[in-house]
>>> print(open('start_12.txt').read())   # compact mmCIF, C-alpha atoms
# COMPACT_ATOMS: atom_id res chain seq x y z
CA MET S 288 -0.01 17.86 -5.84
CA LEU S 289 -2.51 15.79 -3.81
CA LYS S 290 -0.70 12.56 -4.69
CA ARG S 291 2.65 13.80 -3.41
CA LYS S 292 1.12 15.21 -0.21
CA LEU S 293 -0.75 11.97 0.53
CA LEU S 294 2.33 9.78 0.03
CA ALA S 295 4.42 11.96 2.31
CA VAL S 296 1.77 12.03 5.05
CA ALA S 297 1.12 8.26 4.98
CA VAL S 298 4.77 7.22 5.13
CA THR S 299 5.65 9.79 7.80
CA GLY S 300 2.65 8.77 9.90
CA VAL S 301 3.62 5.10 9.98
CA ILE S 302 7.28 5.79 10.74
CA SER S 303 6.39 8.19 13.55
CA SER S 304 3.91 5.73 15.12
CA GLY S 305 6.80 3.61 16.32
CA ALA S 306 4.76 0.40 16.02
CA MET S 307 5.07 -2.49 13.67
CA ALA S 308 1.01 -4.13 9.78
CA SER S 309 -2.26 -5.42 10.40
CA SER S 310 -4.51 -7.84 8.59
CA PHE S 311 -5.80 -4.91 6.50
CA HIS S 312 -2.69 -5.06 4.33
CA ASN S 313 -1.17 -7.95 2.38
CA GLN S 314 2.06 -8.47 4.25
CA GLY S 315 5.28 -9.68 2.75
CA SER S 316 5.13 -12.00 -0.23
CA VAL S 317 1.35 -12.49 0.20
CA LEU S 318 1.13 -9.40 -2.01
CA GLY S 319 2.75 -11.34 -4.85
CA TYR S 320 0.97 -14.64 -4.18
CA GLY S 321 -2.48 -13.02 -3.92
CA ASP S 322 -4.77 -12.42 -0.93
CA ALA S 323 -5.22 -16.09 -0.03
CA GLY S 324 -1.50 -16.52 0.54
CA ASN S 325 0.70 -19.58 0.05
CA ASN S 326 2.17 -22.21 2.33
CA HIS S 327 5.69 -21.09 1.29
CA THR S 328 5.48 -17.90 3.37
CA MET S 329 4.75 -17.41 7.07
CA PHE S 330 2.88 -14.18 6.25
CA SER S 331 -0.02 -16.34 5.03
CA ASN S 332 -0.86 -16.91 8.69
CA PHE S 333 -2.36 -13.40 8.68
CA LYS S 334 -4.85 -14.50 6.01
CA ASN S 335 -5.91 -17.90 7.31
CA PRO S 336 -4.84 -18.92 10.82
CA ALA S 337 -5.22 -22.59 9.83
CA PHE S 338 -1.86 -22.27 8.02
CA LEU S 339 -0.23 -22.19 11.48
CA ALA S 340 -0.54 -25.94 12.01
CA GLY S 341 1.73 -26.58 9.03
CA ASP S 342 1.00 -29.16 6.36
CA VAL S 343 1.74 -32.76 5.53
CA THR S 344 5.35 -32.02 4.61
CA ASN S 345 6.57 -29.13 6.73
CA ARG S 346 6.93 -27.66 10.24
CA GLU S 347 8.98 -24.56 11.02
CA VAL S 348 9.99 -21.89 13.49
CA GLY S 349 10.30 -18.51 11.85
CA LEU S 350 10.58 -14.77 12.31
CA GLY S 351 9.56 -12.26 9.65
CA MET S 352 9.32 -8.55 9.01
CA SER S 353 7.50 -6.71 6.22
CA LEU S 354 7.27 -3.07 5.19
CA GLY S 355 4.87 -1.94 2.48
CA ILE S 356 3.02 0.91 0.87
CA ASP S 357 -0.30 0.81 -0.98
CA ALA S 358 -1.82 3.62 -3.05
CA GLU S 359 -4.99 4.01 -5.11
CA PHE S 360 -5.90 7.00 -7.26
CA PHE S 361 -9.32 6.98 -8.91
CA GLY S 362 -11.10 9.68 -10.85
CA VAL S 363 -7.93 11.78 -11.11
CA SER S 364 -7.81 12.07 -14.89
CA ASP S 365 -7.49 15.75 -15.76
CA VAL S 366 -8.16 16.75 -12.16
CA GLY S 367 -5.28 19.25 -12.19
CA ASP S 368 -6.51 20.84 -15.41
CA ASN S 369 -10.06 20.93 -14.03
CA PHE S 370 -8.95 22.92 -10.99
CA ASP S 371 -7.02 25.33 -13.21
CA THR S 372 -10.05 25.73 -15.47
CA LEU S 373 -12.30 26.41 -12.49
CA GLN S 374 -9.99 29.12 -11.21
CA SER S 375 -9.76 30.81 -14.62
CA GLU S 376 -13.55 30.62 -15.11
CA ILE S 377 -14.21 32.23 -11.72
CA GLU S 378 -11.75 34.99 -12.58
CA ARG S 379 -13.52 35.47 -15.93
CA ILE S 380 -16.93 35.77 -14.27
CA GLU S 381 -15.65 38.24 -11.70
CA SER S 382 -14.28 40.48 -14.46
CA THR S 383 -17.31 40.28 -16.81
CA THR S 384 -20.16 42.76 -17.05
CA TYR S 385 -23.54 41.00 -17.16
CA GLY S 386 -26.94 42.23 -18.28
CA SER S 387 -28.56 41.08 -15.03
CA VAL S 388 -27.76 39.51 -11.68
CA GLY S 389 -29.59 36.38 -12.82
CA ASP S 390 -27.26 35.98 -15.82
CA ALA S 391 -24.21 36.20 -13.56
CA GLU S 392 -25.63 33.66 -11.14
CA ALA S 393 -26.61 31.23 -13.91
CA ASP S 394 -23.16 31.44 -15.53
CA ALA S 395 -21.40 30.82 -12.22
CA GLU S 396 -23.69 27.94 -11.25
CA ASN S 397 -23.15 26.28 -14.62
CA VAL S 398 -19.36 26.54 -14.25
CA LEU S 399 -19.40 25.15 -10.72
CA ASN S 400 -21.83 22.29 -11.38
CA THR S 401 -19.85 21.25 -14.47
CA PHE S 402 -16.65 21.19 -12.42
CA PHE S 403 -18.08 19.26 -9.49
CA LYS S 404 -19.84 16.72 -11.69
CA ALA S 405 -16.59 16.08 -13.58
CA ASN S 406 -14.75 15.40 -10.31
CA GLU S 407 -17.41 13.78 -8.12
CA ASN S 408 -15.70 10.37 -8.32
CA LEU S 409 -12.33 11.68 -7.17
CA SER S 410 -10.88 9.25 -4.64
CA MET S 411 -7.34 8.86 -3.36
CA ALA S 412 -6.06 6.49 -0.69
CA VAL S 413 -2.57 5.82 0.59
CA LYS S 414 -1.65 3.43 3.38
CA ALA S 415 1.66 2.18 4.71
CA SER S 416 2.21 -0.86 6.88
CA GLY S 417 4.74 -2.94 8.72
CA SER S 418 4.44 -6.34 10.39
CA MET S 419 6.60 -8.61 12.52
CA PRO S 420 5.31 -12.17 13.06
CA LEU S 421 6.93 -14.90 15.13
CA VAL S 422 5.70 -18.37 14.12
CA VAL S 423 6.31 -21.65 15.94
CA GLN S 424 4.96 -24.88 14.43
CA THR S 425 5.19 -28.17 16.33
CA THR S 426 4.43 -31.74 15.41
CA SER S 427 2.28 -32.58 18.44
CA PHE S 428 1.03 -29.31 19.90
CA GLY S 429 -0.06 -27.26 16.89
CA GLY S 430 1.24 -23.94 15.62
CA TYR S 431 1.46 -20.53 17.28
CA MET S 432 1.94 -16.96 16.09
CA VAL S 433 2.57 -13.74 17.95
CA ALA S 434 2.58 -10.63 15.77
CA ALA S 435 2.89 -6.89 16.30
CA SER S 436 1.52 -4.59 13.62
CA VAL S 437 0.51 -1.13 12.43
CA THR S 438 -1.34 0.30 9.44
CA GLY S 439 -1.65 4.02 8.83
CA GLY S 440 -3.02 6.02 5.95
CA THR S 441 -4.95 8.90 4.49
CA THR S 442 -7.80 9.18 2.00
CA VAL S 443 -9.30 12.05 0.03
CA ASN S 444 -12.82 11.95 -1.40
CA MET S 445 -15.25 14.39 -2.97
CA ILE S 446 -18.74 14.57 -1.49
CA ARG S 447 -21.53 16.16 -3.51
CA TYR S 448 -24.65 16.77 -1.44
CA ALA S 449 -26.42 19.50 -3.48
CA ASP S 450 -26.17 21.53 -6.69
CA SER S 451 -24.22 24.76 -6.41
CA ASN S 452 -26.18 27.91 -5.63
CA VAL S 453 -24.70 31.35 -6.33
CA THR S 454 -25.84 34.74 -5.09
CA ALA S 455 -24.51 37.74 -7.04
CA VAL S 456 -24.39 41.36 -5.99
CA GLY S 457 -24.05 43.84 -8.84
CA THR S 458 -23.28 43.13 -12.48
CA THR S 459 -20.26 45.30 -13.39
CA PRO S 460 -18.64 42.96 -12.41
CA PRO S 461 -20.62 40.79 -9.97
CA VAL S 462 -19.54 39.92 -6.46
CA LEU S 463 -20.31 36.24 -5.89
CA THR S 464 -21.24 34.32 -2.76
CA VAL S 465 -21.21 30.57 -3.33
CA ALA S 466 -23.05 27.72 -1.63
CA SER S 467 -21.12 25.02 -3.46
CA GLY S 468 -23.01 21.90 -2.31
CA ASN S 469 -19.68 20.06 -2.38
CA ALA S 470 -16.85 19.25 0.00
CA MET S 471 -13.46 17.58 -0.02
CA VAL S 472 -13.15 15.10 2.84
CA PHE S 473 -9.79 14.03 4.23
CA SER S 474 -9.87 10.87 6.33
CA ALA S 475 -7.00 9.32 8.22
CA PHE S 476 -6.49 6.20 10.28
CA ALA S 477 -3.80 4.69 12.47
CA MET S 478 -4.20 1.17 13.79
CA SER S 479 -1.76 -0.85 15.86
CA GLU S 480 -2.52 -4.51 16.27
CA LEU S 481 -1.25 -7.19 18.61
CA SER S 482 -2.38 -10.66 17.60
CA LEU S 483 -2.10 -14.18 18.92
CA GLY S 484 -2.88 -17.14 16.68
CA TYR S 485 -3.18 -20.86 17.23
CA SER S 486 -3.90 -23.80 14.92
CA ALA S 487 -3.99 -27.56 15.32
CA ASP S 488 -4.66 -30.48 13.04
CA LEU S 489 -7.88 -32.42 13.60
CA ASN S 490 -6.61 -35.72 12.26
CA ARG S 491 -7.17 -37.46 15.58
CA PHE S 492 -10.89 -36.84 15.13
CA PHE S 493 -11.37 -37.32 11.38
CA LYS S 494 -8.44 -39.54 10.34
CA PRO S 495 -8.21 -38.46 6.66
CA GLN S 496 -6.16 -40.60 4.29
CA ASN S 497 -2.80 -39.00 3.36
CA ALA S 498 -4.08 -35.56 4.28
CA GLN S 499 -4.34 -33.12 7.15
CA ILE S 500 -7.27 -31.06 8.43
CA ASN S 501 -6.28 -27.85 10.21
CA ALA S 502 -8.44 -25.50 12.26
CA GLY S 503 -7.12 -22.14 13.45
CA ILE S 504 -8.11 -19.06 15.40
CA ARG S 505 -6.53 -15.64 15.77
CA PHE S 506 -7.29 -13.02 18.40
CA LYS S 507 -6.50 -9.39 17.57
CA SER S 508 -6.30 -6.45 19.92
CA MET S 509 -6.73 -3.44 17.64
CA THR S 510 -6.01 0.06 18.95
CA ALA S 511 -7.02 2.69 16.41
CA GLN S 512 -8.29 6.16 15.66
CA PHE S 513 -10.24 7.21 12.59
CA ASN S 514 -10.48 10.92 11.75
CA HIS S 515 -12.44 13.06 9.29
CA TYR S 516 -11.64 16.59 8.18
CA GLY S 517 -14.25 18.28 5.98
CA LEU S 518 -13.10 21.08 3.69
CA GLY S 519 -16.17 22.71 2.19
CA PHE S 520 -15.67 24.35 -1.17
CA ASP S 521 -17.63 27.33 0.16
CA ASN S 522 -14.52 28.23 2.15
CA ILE S 523 -12.30 27.95 -0.91
CA LEU S 524 -14.53 29.79 -3.37
CA ASN S 525 -15.62 32.58 -1.04
CA ASN S 526 -12.12 33.29 0.27
CA THR S 527 -10.10 33.45 -2.94
CA ALA S 528 -7.22 35.17 -1.16
CA ASP S 529 -6.53 31.93 0.73
CA ASP S 530 -4.18 29.52 -0.97
CA PHE S 531 -5.86 26.21 -1.88
CA GLY S 532 -2.61 24.28 -1.40
CA ASP S 533 -2.23 25.69 2.12
CA GLN S 534 -5.79 24.64 2.97
CA ILE S 535 -5.04 21.10 1.79
CA SER S 536 -1.82 20.99 3.82
CA ASN S 537 -3.59 22.28 6.93
CA GLY S 538 -6.37 19.73 6.50
CA LEU S 539 -3.94 16.83 6.10
CA GLU S 540 -1.95 17.97 9.11
CA GLU S 541 -5.03 18.19 11.33
CA VAL S 542 -6.62 14.94 10.19
CA THR S 543 -3.39 13.00 10.88
CA THR S 544 -3.13 14.26 14.45
CA PHE S 545 -4.24 11.32 16.59
CA GLU S 546 -5.11 12.04 20.21
CA ASN S 547 -7.98 9.75 21.26
CA THR S 548 -7.72 6.05 20.44
CA ASP S 549 -10.15 3.19 20.89
CA THR S 550 -9.40 -0.51 21.37
CA GLN S 551 -11.52 -3.33 19.95
CA MET S 552 -11.03 -7.08 19.79
CA GLY S 553 -11.20 -9.01 16.53
CA VAL S 554 -11.43 -12.75 15.94
CA ASP S 555 -10.45 -14.66 12.78
CA LEU S 556 -11.23 -18.33 12.09
CA GLY S 557 -9.77 -20.72 9.54
CA LEU S 558 -10.17 -24.27 8.27
CA GLN S 559 -8.04 -26.17 5.73
CA TYR S 560 -7.91 -29.60 4.15
CA ILE S 561 -4.35 -30.22 2.98
CA ALA S 562 -3.30 -33.19 0.89
CA LYS S 563 0.06 -33.74 -0.75
CA ASN S 564 -1.01 -32.23 -4.05
CA PHE S 565 -3.89 -29.90 -3.23
CA LEU S 566 -5.39 -27.61 -0.57
CA LEU S 567 -8.93 -26.45 0.18
CA GLY S 568 -9.59 -23.74 2.73
CA LEU S 569 -12.16 -21.43 4.28
CA SER S 570 -11.43 -18.41 6.45
CA VAL S 571 -13.61 -15.81 8.17
CA GLU S 572 -12.02 -12.57 9.32
CA ASN S 573 -13.58 -10.36 12.01
CA VAL S 574 -16.35 -12.77 12.98
CA ASN S 575 -17.37 -10.38 15.79
CA SER S 576 -17.71 -7.24 13.56
CA PRO S 577 -15.50 -4.74 15.45
CA THR S 578 -16.61 -1.09 15.08
CA PHE S 579 -14.68 2.16 15.41
CA ASN S 580 -16.11 5.68 15.49
CA TYR S 581 -14.89 8.52 13.28
CA ASN S 582 -13.71 11.69 15.01
CA VAL S 583 -14.42 14.93 13.08
CA VAL S 584 -11.34 16.95 13.99
CA ASN S 585 -12.76 20.27 12.72
CA ALA S 586 -16.26 19.69 14.09
CA LEU S 587 -16.51 23.24 15.47
CA SER S 588 -15.79 24.93 12.14
CA ILE S 589 -17.26 22.52 9.59
CA ALA S 590 -20.51 23.48 7.86
CA PRO S 591 -23.52 21.52 9.25
CA GLU S 592 -24.51 20.26 5.79
CA VAL S 593 -21.00 18.81 5.33
CA SER S 594 -20.97 17.24 8.79
CA ALA S 595 -24.35 15.62 8.08
CA VAL S 596 -23.01 13.56 5.17
CA LEU S 597 -19.84 12.29 6.86
CA THR S 598 -19.79 8.64 7.92
CA LYS S 599 -20.04 8.33 11.68
CA ASP S 600 -18.33 4.94 12.16
CA ILE S 601 -16.68 2.06 10.35
CA THR S 602 -17.64 -1.57 11.00
CA PHE S 603 -15.51 -4.45 9.80
CA GLU S 604 -18.12 -7.06 8.95
CA PRO S 605 -17.11 -10.74 8.68
CA LYS S 606 -15.17 -11.51 5.50
CA ALA S 607 -15.61 -15.12 4.34
CA ARG S 608 -13.11 -16.41 1.80
CA LEU S 609 -12.67 -19.68 -0.08
CA GLU S 610 -9.20 -20.76 -1.20
CA ALA S 611 -7.82 -23.63 -3.21
CA ALA S 612 -4.40 -24.70 -4.47
CA THR S 613 -2.90 -27.53 -6.42
CA TYR S 614 0.76 -28.57 -6.18
CA SER S 615 3.14 -30.35 -8.48
CA GLN S 616 4.48 -33.73 -7.40
CA ASN S 617 7.55 -32.16 -5.78
CA ARG S 618 5.40 -29.26 -4.40
CA ARG S 619 7.62 -26.65 -5.98
CA TRP S 620 4.94 -25.45 -8.41
CA THR S 621 1.71 -24.06 -6.98
CA PHE S 622 -1.41 -22.92 -8.81
CA ALA S 623 -3.86 -21.23 -6.46
CA GLY S 624 -7.07 -19.25 -6.39
CA PHE S 625 -9.37 -17.54 -3.92
CA ALA S 626 -12.73 -15.79 -3.82
CA ASP S 627 -14.33 -13.54 -1.21
CA LEU S 628 -17.86 -14.69 -0.43
CA THR S 629 -18.87 -11.44 1.26
CA LYS S 630 -18.53 -7.72 0.51
CA THR S 631 -16.83 -5.86 3.35
CA LEU S 632 -15.11 -2.55 4.10
CA ASP S 633 -11.40 -2.00 3.70
CA ILE S 634 -9.69 0.09 6.37
CA THR S 635 -9.81 3.03 3.92
CA GLY S 636 -13.63 2.92 4.01
CA LEU S 637 -14.02 1.54 0.47
CA GLU S 638 -16.01 -1.61 -0.15
CA THR S 639 -14.00 -4.61 -1.27
CA GLN S 640 -14.76 -8.09 -2.64
CA LYS S 641 -11.97 -9.87 -4.48
CA ALA S 642 -11.19 -13.02 -6.41
CA GLY S 643 -7.82 -14.00 -7.82
CA VAL S 644 -5.46 -16.61 -9.21
CA SER S 645 -1.70 -17.09 -8.98
CA ALA S 646 1.13 -19.35 -10.08
CA SER S 647 4.37 -19.73 -8.16
CA TYR S 648 7.63 -21.67 -8.15
CA ALA S 649 9.64 -22.45 -5.01
CA SER S 650 13.25 -23.41 -5.68
CA ASN S 651 13.90 -24.63 -2.12
CA ARG S 652 17.47 -23.37 -2.57
CA TRP S 653 18.70 -20.20 -0.86
CA PHE S 654 20.81 -19.21 -3.89
CA LEU S 655 18.00 -19.69 -6.44
CA PRO S 656 14.96 -17.39 -6.62
CA ASP S 657 11.35 -18.23 -5.78
CA LEU S 658 9.00 -16.64 -8.32
CA ARG S 659 5.28 -15.79 -8.27
CA VAL S 660 2.77 -13.99 -10.46
CA GLY S 661 -0.98 -13.52 -10.34
CA TYR S 662 -4.08 -11.44 -10.98
CA THR S 663 -6.72 -10.23 -8.50
CA LYS S 664 -10.13 -8.95 -9.61
CA GLU S 665 -11.77 -6.29 -7.44
CA ALA S 666 -15.56 -6.38 -7.81
CA ALA S 667 -16.46 -3.61 -5.34
CA GLY S 668 -15.37 -0.10 -4.41
CA ASN S 669 -13.51 1.54 -7.26
CA LYS S 670 -13.17 -1.87 -8.96
CA MET S 671 -9.47 -1.42 -9.57
CA SER S 672 -8.04 -4.90 -10.14
CA ARG S 673 -4.33 -5.70 -9.96
CA MET S 674 -1.60 -7.76 -11.53
CA HIS S 675 0.93 -8.84 -8.92
CA GLY S 676 4.16 -10.75 -8.57
CA GLY S 677 7.34 -11.09 -6.64
CA VAL S 678 10.69 -12.75 -6.16
CA THR S 679 12.39 -14.25 -3.11
CA LEU S 680 16.15 -14.81 -2.90
CA GLY S 681 17.35 -16.31 0.33
CA PHE S 682 15.60 -14.50 3.18
CA LEU S 683 14.70 -11.37 1.15
CA SER S 684 11.45 -10.89 -0.80
CA VAL S 685 10.31 -8.03 -3.03
CA ASP S 686 6.69 -7.95 -4.23
CA VAL S 687 4.73 -5.46 -6.33
CA ALA S 688 1.19 -5.01 -7.63
CA ALA S 689 -0.35 -2.60 -10.13
CA ASN S 690 -3.58 -1.92 -11.94
CA SER S 691 -1.72 -0.34 -14.84
CA PHE S 692 1.85 0.21 -15.98
CA GLU S 693 1.04 3.77 -17.00
CA PHE S 694 2.18 6.29 -14.42
CA GLY S 695 1.66 10.02 -14.02
CA GLU S 696 0.14 12.77 -11.89
CA ASP S 697 -3.29 12.46 -13.52
CA VAL S 698 -3.30 8.69 -14.19
CA GLU S 699 -5.71 6.37 -12.37
CA ASN S 700 -3.89 3.47 -10.79
CA SER S 701 -3.79 1.07 -7.86
CA LEU S 702 -0.25 0.27 -6.73
CA ALA S 703 1.49 -1.58 -3.92
CA ALA S 704 5.00 -2.67 -3.00
CA ASN S 705 6.41 -4.75 -0.14
CA VAL S 706 9.91 -5.56 1.04
CA SER S 707 10.13 -8.39 3.55
CA VAL S 708 12.48 -10.82 5.20
CA GLU S 709 11.81 -14.28 6.62
CA PHE S 710 14.15 -16.34 8.77
CA SER S 711 13.38 -20.01 9.42
CA PHE S 712 15.13 -22.02 12.10
>>> encode(input="start_12.txt", output="structure tokens")
Amino acid sequence: MLKRKLLAVAVTGVISSGAMASSFHNQGSVLGYGDAGNNHTMFSNFKNPAFLAGDVTNREVGLGMSLGIDAEFFGVSDVGDNFDTLQSEIERIESTTYGSVGDAEADAENVLNTFFKANENLSMAVKASGSMPLVVQTTSFGGYMVAASVTGGTTVNMIRYADSNVTAVGTTPPVLTVASGNAMVFSAFAMSELSLGYSADLNRFFKPQNAQINAGIRFKSMTAQFNHYGLGFDNILNNTADDFGDQISNGLEEVTTFENTDTQMGVDLGLQYIAKNFLLGLSVENVNSPTFNYNVVNALSIAPEVSAVLTKDITFEPKARLEAATYSQNRRWTFAGFADLTKTLDITGLETQKAGVSASYASNRWFLPDLRVGYTKEAAGNKMSRMHGGVTLGFLSVDVAANSFEFGEDVENSLAANVSVEFSF
């Protein structure tokens, strides 16, 4: 149920925003190539602005557009059955005659603490994105990119801040009042991004042999809002007449209502050494650490103990990344790898630090496909790594990524899919 609601909310939110995806999503065929990107796609300019200056063999003018969706479901195994079991256990307690009030309270607390402990790692995140870059590369004056973007999404997490405490009145059967010590937190974000990138080769200063040294910079104007909605389980357990599904729907609707936005600037830097048969690169995203505050949309009704454990802001610390690639003699085959040097926050609020490898083939013919496949290891957050790949035929690319090929309502997985087009002139 939660999965379907999240997918619907994320996709609808991005469509209704009317904007076009930011650097917090792997645009276009970068999803298939891996986070470091590849010189065969203009979307790599989002990852390292040094790509903009071109390389020793290629300059281009291009226009692209990418649409994608990304979903991660962690700790969801048996979550539906666990909720059903909780409901049936509460009904059992409320229809049982106990020898003492203490027995009723102990039974209820055991049921609740068992349930919350089994689901404390529950985490769901869905984001959808679109991007539209315009890239112009010149021989003498460097490369330029103007891009318009948006990323929107929703997350659900369980927060456990205390053991459950139950107060019972009577024993035949007991009437329970619950202080659950747990909450379900819905978070939502919507970010539109306008970016301007520039890169130039530094050969006039360093004069490398049969190679090119590129340095790039990208300025990002990010307009965003980040919301929290805390749904304490006290409300759910003490008001059993209320429908849990309705409370989830109401929470998702409120948390995805964006009224007050904030604008921050971000700066990305990149450096690359490009020879005919290999590439070495370093990029640093968000060197100035932009910060956005969270808005608690139900601040007037949320329990103080829930409000106290909600994150107050999100800071995008600098992400440093090394990249390397080797090319075949005709540069159609590429074997590449990357590694994040720093642990940072994703736009969903989860920590992330990745490393990955990929292999790709570029046919350089519009009627023959370009192919790519790779694997990315996630060492932080929920540690859900992905296999990824894609195909390009002419101007159209389709790319997918998955942690597992097992699908289902209660199956943990990390999935993504992009459809993109690129036109070179």
>>> residues_around(input="start_12.txt", residues="range 446-463 of chain S", least_positions_apart="4", cutoff="9 Å", atoms="all atoms listed in the file", output="PyMOL selection string")
chain S and resi 380-393+395-397+399-400+403-404+407-408+467-472+525+592-593+596-597
>>> closest_atom_pairs(input="start_12.txt", of="range 520-638 of chain S", to="range 642-656 of chain S", cutoff="7 Å", atoms="all atoms listed in the file", output="tab-separated table")
residue	atom	partner	partner_atom	distance
S:Arg619	CA	S:Ala649	CA	4.8
S:Trp620	CA	S:Tyr648	CA	4.6
S:Thr621	CA	S:Ser647	CA	5.2
S:Phe622	CA	S:Ala646	CA	4.6
S:Ala623	CA	S:Ser645	CA	5.3
S:Gly624	CA	S:Val644	CA	4.2
S:Phe625	CA	S:Ala642	CA	5.5
S:Ala626	CA	S:Ala642	CA	4.1
S:Asp627	CA	S:Ala642	CA	6.1
>>> closest_residue(input="start_12.txt", among="S:Ala689, S:Met411, S:Val363, S:Ile561", to="Ile500 in chain S", atoms="all atoms listed in the file")
S:Ile561
>>> atom_distance(input="start_12.txt", atom1="CA of Glu709 in chain S", atom2="CA of Lys507 in chain S")
21.9 Å
>>> atom_distance(input="start_12.txt", atom1="CA of Thr613 in chain S", atom2="CA of Met671 in chain S")
27.1 Å
>>> residues_around(input="start_12.txt", residues="Tyr560 in chain S", least_positions_apart="2", cutoff="10 Å", atoms="only C-alpha atoms", output="VMD selection string")
chain S and resid 337 342 488 to 489 495 498 to 502 558 562 565 to 569 611
>>> write_last_selection(input="start_12.txt", atoms="C-alpha atoms", output="compact mmCIF listing (two decimals), in the frame of the given file")
# COMPACT_ATOMS: atom_id res chain seq x y z
CA ALA S 337 -5.22 -22.59 9.83
CA ASP S 342 1.00 -29.16 6.36
CA ASP S 488 -4.66 -30.48 13.04
CA LEU S 489 -7.88 -32.42 13.60
CA PRO S 495 -8.21 -38.46 6.66
CA ALA S 498 -4.08 -35.56 4.28
CA GLN S 499 -4.34 -33.12 7.15
CA ILE S 500 -7.27 -31.06 8.43
CA ASN S 501 -6.28 -27.85 10.21
CA ALA S 502 -8.44 -25.50 12.26
CA LEU S 558 -10.17 -24.27 8.27
CA ALA S 562 -3.30 -33.19 0.89
CA PHE S 565 -3.89 -29.90 -3.23
CA LEU S 566 -5.39 -27.61 -0.57
CA LEU S 567 -8.93 -26.45 0.18
CA GLY S 568 -9.59 -23.74 2.73
CA LEU S 569 -12.16 -21.43 4.28
CA ALA S 611 -7.82 -23.63 -3.21
>>> residues_around(input="start_12.txt", residues="Thr629 in chain S", least_positions_apart="3", cutoff="9 Å", atoms="all atoms listed in the file", output="list in words")
Glu604, Pro605, Lys606, Ala607, Arg608, Thr639 and Gln640 of chain S
>>> closest_atom_pairs(input="start_12.txt", of="range 430-486 of chain S", to="range 508-515 of chain S", cutoff="7 Å", atoms="all atoms listed in the file", output="JSON lines")
{"residue": "S:Val472", "atom": "CA", "partner": "S:His515", "partner_atom": "CA", "distance": 6.8}
{"residue": "S:Phe473", "atom": "CA", "partner": "S:His515", "partner_atom": "CA", "distance": 5.8}
{"residue": "S:Ser474", "atom": "CA", "partner": "S:His515", "partner_atom": "CA", "distance": 4.5}
{"residue": "S:Ala475", "atom": "CA", "partner": "S:Asn514", "partner_atom": "CA", "distance": 5.2}
{"residue": "S:Phe476", "atom": "CA", "partner": "S:Phe513", "partner_atom": "CA", "distance": 4.5}
{"residue": "S:Ala477", "atom": "CA", "partner": "S:Ala511", "partner_atom": "CA", "distance": 5.5}
{"residue": "S:Met478", "atom": "CA", "partner": "S:Ala511", "partner_atom": "CA", "distance": 4.1}
{"residue": "S:Ser479", "atom": "CA", "partner": "S:Thr510", "partner_atom": "CA", "distance": 5.3}
{"residue": "S:Glu480", "atom": "CA", "partner": "S:Met509", "partner_atom": "CA", "distance": 4.6}
{"residue": "S:Leu481", "atom": "CA", "partner": "S:Ser508", "partner_atom": "CA", "distance": 5.3}
{"residue": "S:Ser482", "atom": "CA", "partner": "S:Ser508", "partner_atom": "CA", "distance": 6.2}
>>> closest_residue(input="start_12.txt", among="S:Thr544, S:Ser711, S:Ser316, S:Asn669", to="Val423 in chain S", atoms="all atoms listed in the file")
S:Ser711
>>> atom_distance(input="start_12.txt", atom1="CA of Phe361 in chain S", atom2="CA of Ile634 in chain S")
16.8 Å
>>> axis_aligned_box(input="start_12.txt", around="range 671-688 of chain S", padding_each_side="6 Å", output="lines of an AutoDock Vina configuration file")
center_x = 3.9
center_y = -8.9
center_z = -4.2
size_x = 38.8
size_y = 26.9
size_z = 26.7
>>> closest_residue(input="start_12.txt", among="S:Tyr485, S:Phe370, S:Phe402, S:Phe428", to="Phe338 in chain S", atoms="only C-alpha atoms")
S:Tyr485
>>> residues_around(input="start_12.txt", residues="Phe710 in chain S", least_positions_apart="5", cutoff="12 Å", atoms="only C-alpha atoms", output="tab-separated table (two decimals) with C-alpha atoms, in the coordinates of the input")
chain	number	residue	atom	x	y	z
S	328	THR	CA	5.48	-17.90	3.37
S	329	MET	CA	4.75	-17.41	7.07
S	330	PHE	CA	2.88	-14.18	6.25
S	347	GLU	CA	8.98	-24.56	11.02
S	348	VAL	CA	9.99	-21.89	13.49
S	349	GLY	CA	10.30	-18.51	11.85
S	350	LEU	CA	10.58	-14.77	12.31
S	351	GLY	CA	9.56	-12.26	9.65
S	352	MET	CA	9.32	-8.55	9.01
S	353	SER	CA	7.50	-6.71	6.22
S	419	MET	CA	6.60	-8.61	12.52
S	420	PRO	CA	5.31	-12.17	13.06
S	421	LEU	CA	6.93	-14.90	15.13
S	422	VAL	CA	5.70	-18.37	14.12
S	423	VAL	CA	6.31	-21.65	15.94
S	653	TRP	CA	18.70	-20.20	-0.86
S	680	LEU	CA	16.15	-14.81	-2.90
S	681	GLY	CA	17.35	-16.31	0.33
S	682	PHE	CA	15.60	-14.50	3.18
S	683	LEU	CA	14.70	-11.37	1.15
S	684	SER	CA	11.45	-10.89	-0.80
